[in-house]
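my_file-v2.cif, holding mmCIF, N, CA and C atoms:
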```
data_data
#
loop_
_atom_site.label_atom_id
_atom_site.label_comp_id
_atom_site.auth_asym_id
_atom_site.auth_seq_id
_atom_site.Cartn_x
_atom_site.Cartn_y
_atom_site.Cartn_z
N MET A 44 -44.67 -32.28 10.54
CA MET A 44 -44.32 -31.02 9.95
C MET A 44 -44.61 -29.91 10.96
N ILE A 45 -43.65 -28.99 11.11
CA ILE A 45 -43.78 -27.92 12.08
C ILE A 45 -44.32 -26.68 11.37
N LYS A 46 -45.31 -26.06 11.98
CA LYS A 46 -45.88 -24.85 11.39
C LYS A 46 -45.09 -23.65 11.88
N ALA A 47 -44.96 -22.66 11.01
CA ALA A 47 -44.29 -21.41 11.39
C ALA A 47 -45.21 -20.64 12.32
N SER A 48 -44.64 -20.09 13.35
CA SER A 48 -45.47 -19.35 14.30
C SER A 48 -45.83 -18.00 13.71
N LYS A 49 -47.03 -17.55 14.03
CA LYS A 49 -47.49 -16.26 13.54
C LYS A 49 -46.95 -15.19 14.48
N PRO A 50 -46.56 -14.02 13.92
CA PRO A 50 -46.09 -12.95 14.79
C PRO A 50 -47.22 -12.48 15.71
N THR A 51 -46.84 -12.11 16.90
CA THR A 51 -47.85 -11.64 17.85
C THR A 51 -48.22 -10.21 17.53
N ARG A 52 -49.39 -9.80 17.91
CA ARG A 52 -49.84 -8.45 17.66
C ARG A 52 -49.97 -7.71 18.98
N THR A 53 -49.57 -6.46 18.98
CA THR A 53 -49.71 -5.64 20.18
C THR A 53 -51.06 -4.95 20.14
N LEU A 54 -51.38 -4.21 21.19
CA LEU A 54 -52.66 -3.53 21.25
C LEU A 54 -52.83 -2.50 20.14
N SER A 55 -51.73 -1.94 19.66
CA SER A 55 -51.83 -0.92 18.62
C SER A 55 -52.04 -1.55 17.25
N GLY A 56 -51.97 -2.88 17.17
CA GLY A 56 -52.20 -3.56 15.90
C GLY A 56 -50.93 -3.83 15.13
N LYS A 57 -49.77 -3.33 15.60
CA LYS A 57 -48.51 -3.57 14.90
C LYS A 57 -47.95 -4.92 15.32
N GLN A 58 -47.14 -5.47 14.45
CA GLN A 58 -46.53 -6.76 14.77
C GLN A 58 -45.45 -6.56 15.82
N GLY A 59 -45.38 -7.49 16.75
CA GLY A 59 -44.36 -7.45 17.78
C GLY A 59 -43.39 -8.59 17.59
N ARG A 60 -42.60 -8.85 18.58
CA ARG A 60 -41.64 -9.94 18.52
C ARG A 60 -42.34 -11.25 18.75
N SER A 61 -41.76 -12.27 18.18
CA SER A 61 -42.33 -13.59 18.42
C SER A 61 -41.99 -13.99 19.86
N PRO A 62 -42.71 -14.92 20.44
CA PRO A 62 -42.46 -15.29 21.83
C PRO A 62 -41.04 -15.77 22.08
N ARG A 63 -40.37 -16.37 21.08
CA ARG A 63 -39.00 -16.86 21.27
C ARG A 63 -38.00 -15.73 21.42
N THR A 64 -38.20 -14.64 20.72
CA THR A 64 -37.21 -13.55 20.74
C THR A 64 -37.66 -12.37 21.58
N GLN A 65 -38.74 -12.54 22.30
CA GLN A 65 -39.31 -11.42 23.03
C GLN A 65 -38.38 -10.88 24.11
N GLY A 66 -37.65 -11.73 24.79
CA GLY A 66 -36.79 -11.27 25.88
C GLY A 66 -35.40 -10.85 25.44
N ARG A 67 -35.06 -11.03 24.19
CA ARG A 67 -33.70 -10.72 23.70
C ARG A 67 -33.58 -9.24 23.36
N ARG A 68 -32.40 -8.75 23.55
CA ARG A 68 -32.12 -7.36 23.19
C ARG A 68 -31.19 -7.32 21.99
N ALA A 69 -31.25 -6.25 21.26
CA ALA A 69 -30.34 -6.08 20.13
C ALA A 69 -28.93 -5.82 20.67
N LYS A 70 -27.94 -6.26 19.91
CA LYS A 70 -26.55 -6.03 20.31
C LYS A 70 -26.25 -4.54 20.25
N PRO A 71 -25.52 -4.03 21.24
CA PRO A 71 -25.17 -2.61 21.17
C PRO A 71 -24.19 -2.37 20.03
N THR A 72 -24.30 -1.24 19.38
CA THR A 72 -23.40 -0.94 18.27
C THR A 72 -22.15 -0.26 18.80
N ARG A 73 -21.05 -0.52 18.13
CA ARG A 73 -19.78 0.11 18.51
C ARG A 73 -19.73 1.50 17.92
N PRO A 74 -19.08 2.43 18.60
CA PRO A 74 -18.95 3.77 18.01
C PRO A 74 -18.04 3.70 16.79
N SER A 75 -18.31 4.51 15.81
CA SER A 75 -17.49 4.52 14.60
C SER A 75 -16.13 5.12 14.92
N ALA A 76 -15.21 4.96 13.98
CA ALA A 76 -13.86 5.51 14.18
C ALA A 76 -13.90 7.02 14.30
N LYS A 77 -14.79 7.66 13.54
CA LYS A 77 -14.88 9.12 13.63
C LYS A 77 -15.39 9.55 15.00
N ALA A 78 -16.39 8.82 15.51
CA ALA A 78 -16.95 9.17 16.82
C ALA A 78 -15.95 8.92 17.93
N ALA A 79 -15.06 7.97 17.74
CA ALA A 79 -14.08 7.63 18.77
C ALA A 79 -12.90 8.58 18.77
N GLY A 80 -12.85 9.50 17.81
CA GLY A 80 -11.76 10.46 17.77
C GLY A 80 -10.53 9.95 17.06
N ALA A 81 -10.67 8.89 16.25
CA ALA A 81 -9.53 8.34 15.52
C ALA A 81 -9.18 9.28 14.38
N PRO A 82 -7.90 9.31 13.99
CA PRO A 82 -7.52 10.17 12.87
C PRO A 82 -8.19 9.69 11.59
N ALA A 83 -8.46 10.60 10.70
CA ALA A 83 -9.10 10.25 9.43
C ALA A 83 -8.14 9.38 8.62
N LYS A 84 -8.70 8.40 7.92
CA LYS A 84 -7.88 7.51 7.09
C LYS A 84 -7.44 8.24 5.85
N ARG A 85 -6.23 7.93 5.39
CA ARG A 85 -5.74 8.51 4.15
C ARG A 85 -6.34 7.75 2.98
N SER A 86 -6.34 8.40 1.86
CA SER A 86 -6.81 7.75 0.64
C SER A 86 -5.87 6.60 0.33
N PRO A 87 -6.40 5.42 0.00
CA PRO A 87 -5.52 4.29 -0.30
C PRO A 87 -4.64 4.54 -1.52
N GLN A 88 -4.99 5.51 -2.35
CA GLN A 88 -4.19 5.79 -3.54
C GLN A 88 -2.95 6.60 -3.22
N MET A 89 -2.85 7.17 -2.03
CA MET A 89 -1.75 8.08 -1.72
C MET A 89 -0.62 7.44 -0.92
N TRP A 90 -0.70 6.17 -0.60
CA TRP A 90 0.30 5.58 0.28
C TRP A 90 1.69 5.60 -0.35
N SER A 91 1.80 5.34 -1.65
CA SER A 91 3.12 5.26 -2.26
C SER A 91 3.76 6.64 -2.37
N ALA A 92 2.95 7.66 -2.59
CA ALA A 92 3.50 9.02 -2.66
C ALA A 92 4.08 9.41 -1.30
N GLU A 93 3.39 9.01 -0.25
CA GLU A 93 3.89 9.32 1.10
C GLU A 93 5.18 8.55 1.40
N VAL A 94 5.26 7.30 0.94
CA VAL A 94 6.48 6.53 1.14
C VAL A 94 7.64 7.19 0.40
N THR A 95 7.37 7.66 -0.80
CA THR A 95 8.42 8.30 -1.58
C THR A 95 8.90 9.58 -0.91
N ARG A 96 7.98 10.38 -0.40
CA ARG A 96 8.35 11.64 0.25
C ARG A 96 9.06 11.41 1.57
N GLY A 97 8.55 10.51 2.39
CA GLY A 97 9.05 10.38 3.74
C GLY A 97 9.83 9.12 4.02
N SER A 98 10.29 8.44 2.98
CA SER A 98 11.01 7.19 3.17
C SER A 98 12.29 7.42 3.96
N ASN A 99 12.55 6.53 4.86
CA ASN A 99 13.75 6.60 5.67
C ASN A 99 14.81 5.63 5.17
N ALA A 100 14.58 5.07 4.00
CA ALA A 100 15.46 4.01 3.52
C ALA A 100 16.71 4.54 2.83
N LEU A 101 16.55 5.39 1.85
CA LEU A 101 17.69 5.87 1.07
C LEU A 101 17.55 7.35 0.77
N ASP A 102 18.68 8.00 0.62
CA ASP A 102 18.69 9.37 0.12
C ASP A 102 19.10 9.30 -1.34
N LEU A 103 18.12 9.37 -2.22
CA LEU A 103 18.39 9.25 -3.65
C LEU A 103 18.76 10.61 -4.23
N GLU A 104 19.56 10.57 -5.28
CA GLU A 104 19.88 11.79 -6.01
C GLU A 104 18.60 12.29 -6.68
N PRO A 105 18.39 13.59 -6.72
CA PRO A 105 17.19 14.10 -7.40
C PRO A 105 17.20 13.71 -8.88
N GLY A 106 16.07 13.25 -9.39
CA GLY A 106 15.93 12.90 -10.80
C GLY A 106 16.61 11.62 -11.21
N VAL A 107 16.93 10.75 -10.26
CA VAL A 107 17.65 9.53 -10.60
C VAL A 107 16.86 8.65 -11.58
N PHE A 108 15.55 8.61 -11.45
CA PHE A 108 14.75 7.74 -12.32
C PHE A 108 14.39 8.42 -13.64
N LYS A 109 14.82 9.66 -13.82
CA LYS A 109 14.54 10.39 -15.06
C LYS A 109 15.74 10.37 -16.00
N LYS A 110 16.84 9.78 -15.55
CA LYS A 110 18.03 9.71 -16.40
C LYS A 110 17.73 8.84 -17.62
N ASN A 111 18.36 9.16 -18.75
CA ASN A 111 18.09 8.44 -20.00
C ASN A 111 18.94 7.20 -20.18
N SER A 112 19.99 7.07 -19.39
CA SER A 112 20.88 5.93 -19.53
C SER A 112 20.62 4.92 -18.41
N PRO A 113 20.39 3.65 -18.77
CA PRO A 113 20.21 2.62 -17.74
C PRO A 113 21.43 2.52 -16.82
N ARG A 114 22.61 2.70 -17.40
CA ARG A 114 23.84 2.62 -16.60
C ARG A 114 23.91 3.77 -15.60
N ALA A 115 23.49 4.97 -16.02
CA ALA A 115 23.52 6.13 -15.12
C ALA A 115 22.54 5.93 -13.96
N VAL A 116 21.37 5.34 -14.24
CA VAL A 116 20.40 5.06 -13.18
C VAL A 116 21.00 4.07 -12.18
N ALA A 117 21.61 3.00 -12.73
CA ALA A 117 22.19 1.96 -11.87
C ALA A 117 23.33 2.52 -11.02
N GLN A 118 24.20 3.31 -11.62
CA GLN A 118 25.34 3.86 -10.88
C GLN A 118 24.86 4.83 -9.79
N SER A 119 23.84 5.60 -10.08
CA SER A 119 23.31 6.53 -9.09
C SER A 119 22.70 5.77 -7.91
N LEU A 120 21.95 4.72 -8.21
CA LEU A 120 21.36 3.90 -7.14
C LEU A 120 22.46 3.24 -6.31
N LYS A 121 23.50 2.76 -6.98
CA LYS A 121 24.60 2.11 -6.26
C LYS A 121 25.29 3.09 -5.32
N ARG A 122 25.56 4.31 -5.81
CA ARG A 122 26.17 5.32 -4.94
C ARG A 122 25.28 5.62 -3.73
N SER A 123 23.99 5.74 -3.98
CA SER A 123 23.06 6.08 -2.90
C SER A 123 23.02 5.01 -1.82
N VAL A 124 22.95 3.74 -2.23
CA VAL A 124 22.84 2.68 -1.22
C VAL A 124 24.15 2.46 -0.48
N GLU A 125 25.26 2.70 -1.15
CA GLU A 125 26.54 2.51 -0.48
C GLU A 125 26.82 3.63 0.52
N GLN A 126 26.27 4.81 0.30
CA GLN A 126 26.45 5.92 1.23
C GLN A 126 25.46 5.85 2.40
N SER A 127 24.35 5.18 2.20
CA SER A 127 23.30 5.15 3.22
C SER A 127 23.67 4.20 4.35
N ARG A 128 23.41 4.63 5.56
CA ARG A 128 23.62 3.78 6.73
C ARG A 128 22.29 3.38 7.36
N ARG A 129 21.19 3.80 6.75
CA ARG A 129 19.88 3.55 7.33
C ARG A 129 19.19 2.34 6.73
N ARG A 130 19.78 1.73 5.73
CA ARG A 130 19.12 0.59 5.10
C ARG A 130 19.20 -0.64 5.98
N LYS A 131 18.18 -1.48 5.86
CA LYS A 131 18.12 -2.69 6.68
C LYS A 131 18.66 -3.90 5.94
N ALA A 132 18.51 -3.91 4.62
CA ALA A 132 18.97 -5.04 3.81
C ALA A 132 20.35 -4.71 3.23
N GLY A 133 20.87 -5.62 2.44
CA GLY A 133 22.14 -5.40 1.78
C GLY A 133 22.02 -4.33 0.70
N PRO A 134 23.16 -3.83 0.22
CA PRO A 134 23.11 -2.74 -0.76
C PRO A 134 22.42 -3.13 -2.07
N PHE A 135 22.71 -4.31 -2.60
CA PHE A 135 22.08 -4.72 -3.86
C PHE A 135 20.57 -4.84 -3.70
N GLN A 136 20.13 -5.49 -2.65
CA GLN A 136 18.70 -5.68 -2.42
C GLN A 136 17.99 -4.34 -2.24
N SER A 137 18.61 -3.42 -1.52
CA SER A 137 18.01 -2.11 -1.30
C SER A 137 17.86 -1.34 -2.61
N ALA A 138 18.90 -1.37 -3.43
CA ALA A 138 18.86 -0.65 -4.70
C ALA A 138 17.81 -1.24 -5.63
N MET A 139 17.79 -2.57 -5.73
CA MET A 139 16.82 -3.23 -6.61
C MET A 139 15.40 -3.00 -6.10
N SER A 140 15.21 -3.01 -4.80
CA SER A 140 13.88 -2.76 -4.23
C SER A 140 13.40 -1.35 -4.56
N MET A 141 14.29 -0.37 -4.46
CA MET A 141 13.90 1.00 -4.76
C MET A 141 13.54 1.15 -6.24
N LEU A 142 14.29 0.51 -7.10
CA LEU A 142 14.01 0.57 -8.54
C LEU A 142 12.66 -0.10 -8.84
N ASN A 143 12.43 -1.27 -8.27
CA ASN A 143 11.15 -1.96 -8.47
C ASN A 143 9.98 -1.17 -7.89
N PHE A 144 10.21 -0.54 -6.75
CA PHE A 144 9.15 0.26 -6.14
C PHE A 144 8.75 1.39 -7.08
N TYR A 145 9.73 2.05 -7.66
CA TYR A 145 9.42 3.15 -8.58
C TYR A 145 8.66 2.65 -9.81
N ILE A 146 9.11 1.54 -10.38
CA ILE A 146 8.45 0.99 -11.58
C ILE A 146 7.02 0.59 -11.25
N ASN A 147 6.83 -0.09 -10.13
CA ASN A 147 5.49 -0.55 -9.76
C ASN A 147 4.58 0.61 -9.40
N ARG A 148 5.13 1.62 -8.75
CA ARG A 148 4.32 2.76 -8.36
C ARG A 148 3.82 3.52 -9.57
N ALA A 149 4.67 3.64 -10.59
CA ALA A 149 4.28 4.38 -11.79
C ALA A 149 3.21 3.61 -12.57
N GLY A 150 3.29 2.30 -12.55
CA GLY A 150 2.26 1.46 -13.17
C GLY A 150 2.03 1.77 -14.63
N LYS A 151 0.75 1.88 -14.98
CA LYS A 151 0.37 2.10 -16.38
C LYS A 151 0.71 3.49 -16.86
N ASN A 152 1.00 4.41 -15.96
CA ASN A 152 1.32 5.78 -16.35
C ASN A 152 2.76 5.94 -16.85
N LEU A 153 3.56 4.90 -16.71
CA LEU A 153 4.95 4.96 -17.13
C LEU A 153 5.03 4.72 -18.64
N PRO A 154 5.57 5.67 -19.39
CA PRO A 154 5.68 5.47 -20.85
C PRO A 154 6.56 4.26 -21.16
N ALA A 155 6.31 3.64 -22.29
CA ALA A 155 7.04 2.42 -22.67
C ALA A 155 8.54 2.66 -22.76
N ALA A 156 8.94 3.81 -23.30
CA ALA A 156 10.37 4.11 -23.43
C ALA A 156 11.03 4.23 -22.06
N ARG A 157 10.37 4.87 -21.12
CA ARG A 157 10.90 5.03 -19.75
C ARG A 157 10.98 3.66 -19.07
N LEU A 158 9.94 2.84 -19.25
CA LEU A 158 9.93 1.50 -18.66
C LEU A 158 11.10 0.67 -19.20
N GLN A 159 11.36 0.81 -20.48
CA GLN A 159 12.45 0.06 -21.09
C GLN A 159 13.80 0.47 -20.48
N VAL A 160 13.99 1.76 -20.28
CA VAL A 160 15.24 2.25 -19.67
C VAL A 160 15.38 1.68 -18.25
N LEU A 161 14.29 1.72 -17.48
CA LEU A 161 14.36 1.27 -16.09
C LEU A 161 14.52 -0.25 -15.99
N GLU A 162 13.91 -0.99 -16.91
CA GLU A 162 14.09 -2.44 -16.91
C GLU A 162 15.55 -2.79 -17.25
N ARG A 163 16.13 -2.04 -18.18
CA ARG A 163 17.55 -2.27 -18.51
C ARG A 163 18.45 -1.87 -17.34
N ALA A 164 17.99 -0.91 -16.55
CA ALA A 164 18.77 -0.48 -15.39
C ALA A 164 18.88 -1.61 -14.37
N LYS A 165 17.90 -2.51 -14.34
CA LYS A 165 17.99 -3.67 -13.44
C LYS A 165 19.19 -4.54 -13.81
N ALA A 166 19.35 -4.79 -15.11
CA ALA A 166 20.49 -5.60 -15.56
C ALA A 166 21.81 -4.87 -15.27
N GLU A 167 21.82 -3.57 -15.47
CA GLU A 167 23.03 -2.78 -15.18
C GLU A 167 23.35 -2.80 -13.69
N LEU A 168 22.31 -2.79 -12.88
CA LEU A 168 22.49 -2.83 -11.43
C LEU A 168 23.12 -4.17 -11.02
N GLN A 169 22.66 -5.24 -11.65
CA GLN A 169 23.26 -6.56 -11.37
C GLN A 169 24.73 -6.58 -11.75
N LYS A 170 25.06 -6.00 -12.89
CA LYS A 170 26.46 -5.92 -13.32
C LYS A 170 27.28 -5.09 -12.34
N ALA A 171 26.72 -3.95 -11.92
CA ALA A 171 27.45 -3.04 -11.02
C ALA A 171 27.78 -3.72 -9.69
N PHE A 172 26.93 -4.62 -9.26
CA PHE A 172 27.18 -5.33 -8.00
C PHE A 172 27.82 -6.70 -8.21
N GLY A 173 28.22 -6.99 -9.45
CA GLY A 173 28.89 -8.25 -9.75
C GLY A 173 27.97 -9.46 -9.61
N ARG A 174 26.72 -9.30 -9.94
CA ARG A 174 25.75 -10.39 -9.80
C ARG A 174 25.31 -10.95 -11.14
N HIS A 175 26.00 -10.57 -12.18
CA HIS A 175 25.55 -11.02 -13.51
C HIS A 175 26.47 -12.06 -14.06
#
```
Could you spell out this file's structure in structure tokens?
Amino acid sequence: MIKASKPTRTLSGKQGRSPRTQGRRAKPTRPSAKAAGAPAKRSPQMWSAEVTRGSNALDLEPGVFKKNSPRAVAQSLKRSVEQSRRRKAGPFQSAMSMLNFYINRAGKNLPAARLQVLERAKAELQKAFGRH
């Protein structure tokens, strides 16, 4: 059985390093992001608002997601994606992605009636693109 070594004592009476770790140095610490001059991080809750404001994907009609008719929402999205030349995916995928992004971003704050209209707009969007 191996006995634990007792810490060594210095002349001042305080405990020092054990003989095994006496020659080792502590690892140097890295400077923090603030000290390095990095830009301040944004709040993780604000990323979707920034995407909505500065998105380069589509130019949506103002108030498209506030329309009361699922068909009107779908037709507006279809017009927007067909006019856009900046999208990377196909028109149907871009429109459906934008609709899903809005629904997911709103989350629990989306009233049930509004959610129902937007969910029905998905089916209308499929019809509008001949995918139903």
Next item on the list: Between CA of Lys170 (chain A) and CA of Phe135 (chain A), measure the distance and give it in Å to one decimal.
Entry: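 Computed distance, CA of Lys170 (chain A) to CA of Phe135 (chain A), equals 10.5 Å.
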Checklist line | Minimum-distance residue to Arg128 (chain A), chosen among A:Leu101, A:Ala115, A:Met141, A:Val107 (using only N, CA and C atoms) | finding: A:Leu101
Check: Of the candidates A:Ser140, A:Leu103, A:Gln126, A:Pro113, which one gets nearest to Glu162 (chain A) if we count all atoms listed in the file?
Finding: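 Comparing A:Ser140, A:Leu103, A:Gln126, A:Pro113 against Glu162 (chain A), the winner is A:Pro113.
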Note to self: Just checking: using only N, CA and C atoms, which residue out of A:Leu168, A:Leu161, A:Ala149, A:Ala132 ends up closest to Ala117 (chain A)?
What the structure shows: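 Closest residue, counting only N, CA and C atoms: A:Leu168.
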Check: So what does the PyMOL selection byres (((chain A and resi 109-112 and name CA) around 12) and name CA) actually pick up in this one, as a list in words?
Finding: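 Listing what the PyMOL selection byres (((chain A and resi 109-112 and name CA) around 12) and name CA) selects in the shown file: Glu104, Pro105, Gly106, Val107, Phe108, Pro113, Arg114, Ala115, Val116, Ala117, Gln118, Ser119, Leu120, Leu142, Tyr145, Ile146, Leu153, Pro154, Ala156, Arg157, Leu158, Gln159, Val160, Leu161, Glu162, Arg163, Ala164, Lys165 and Glu167 of chain A.
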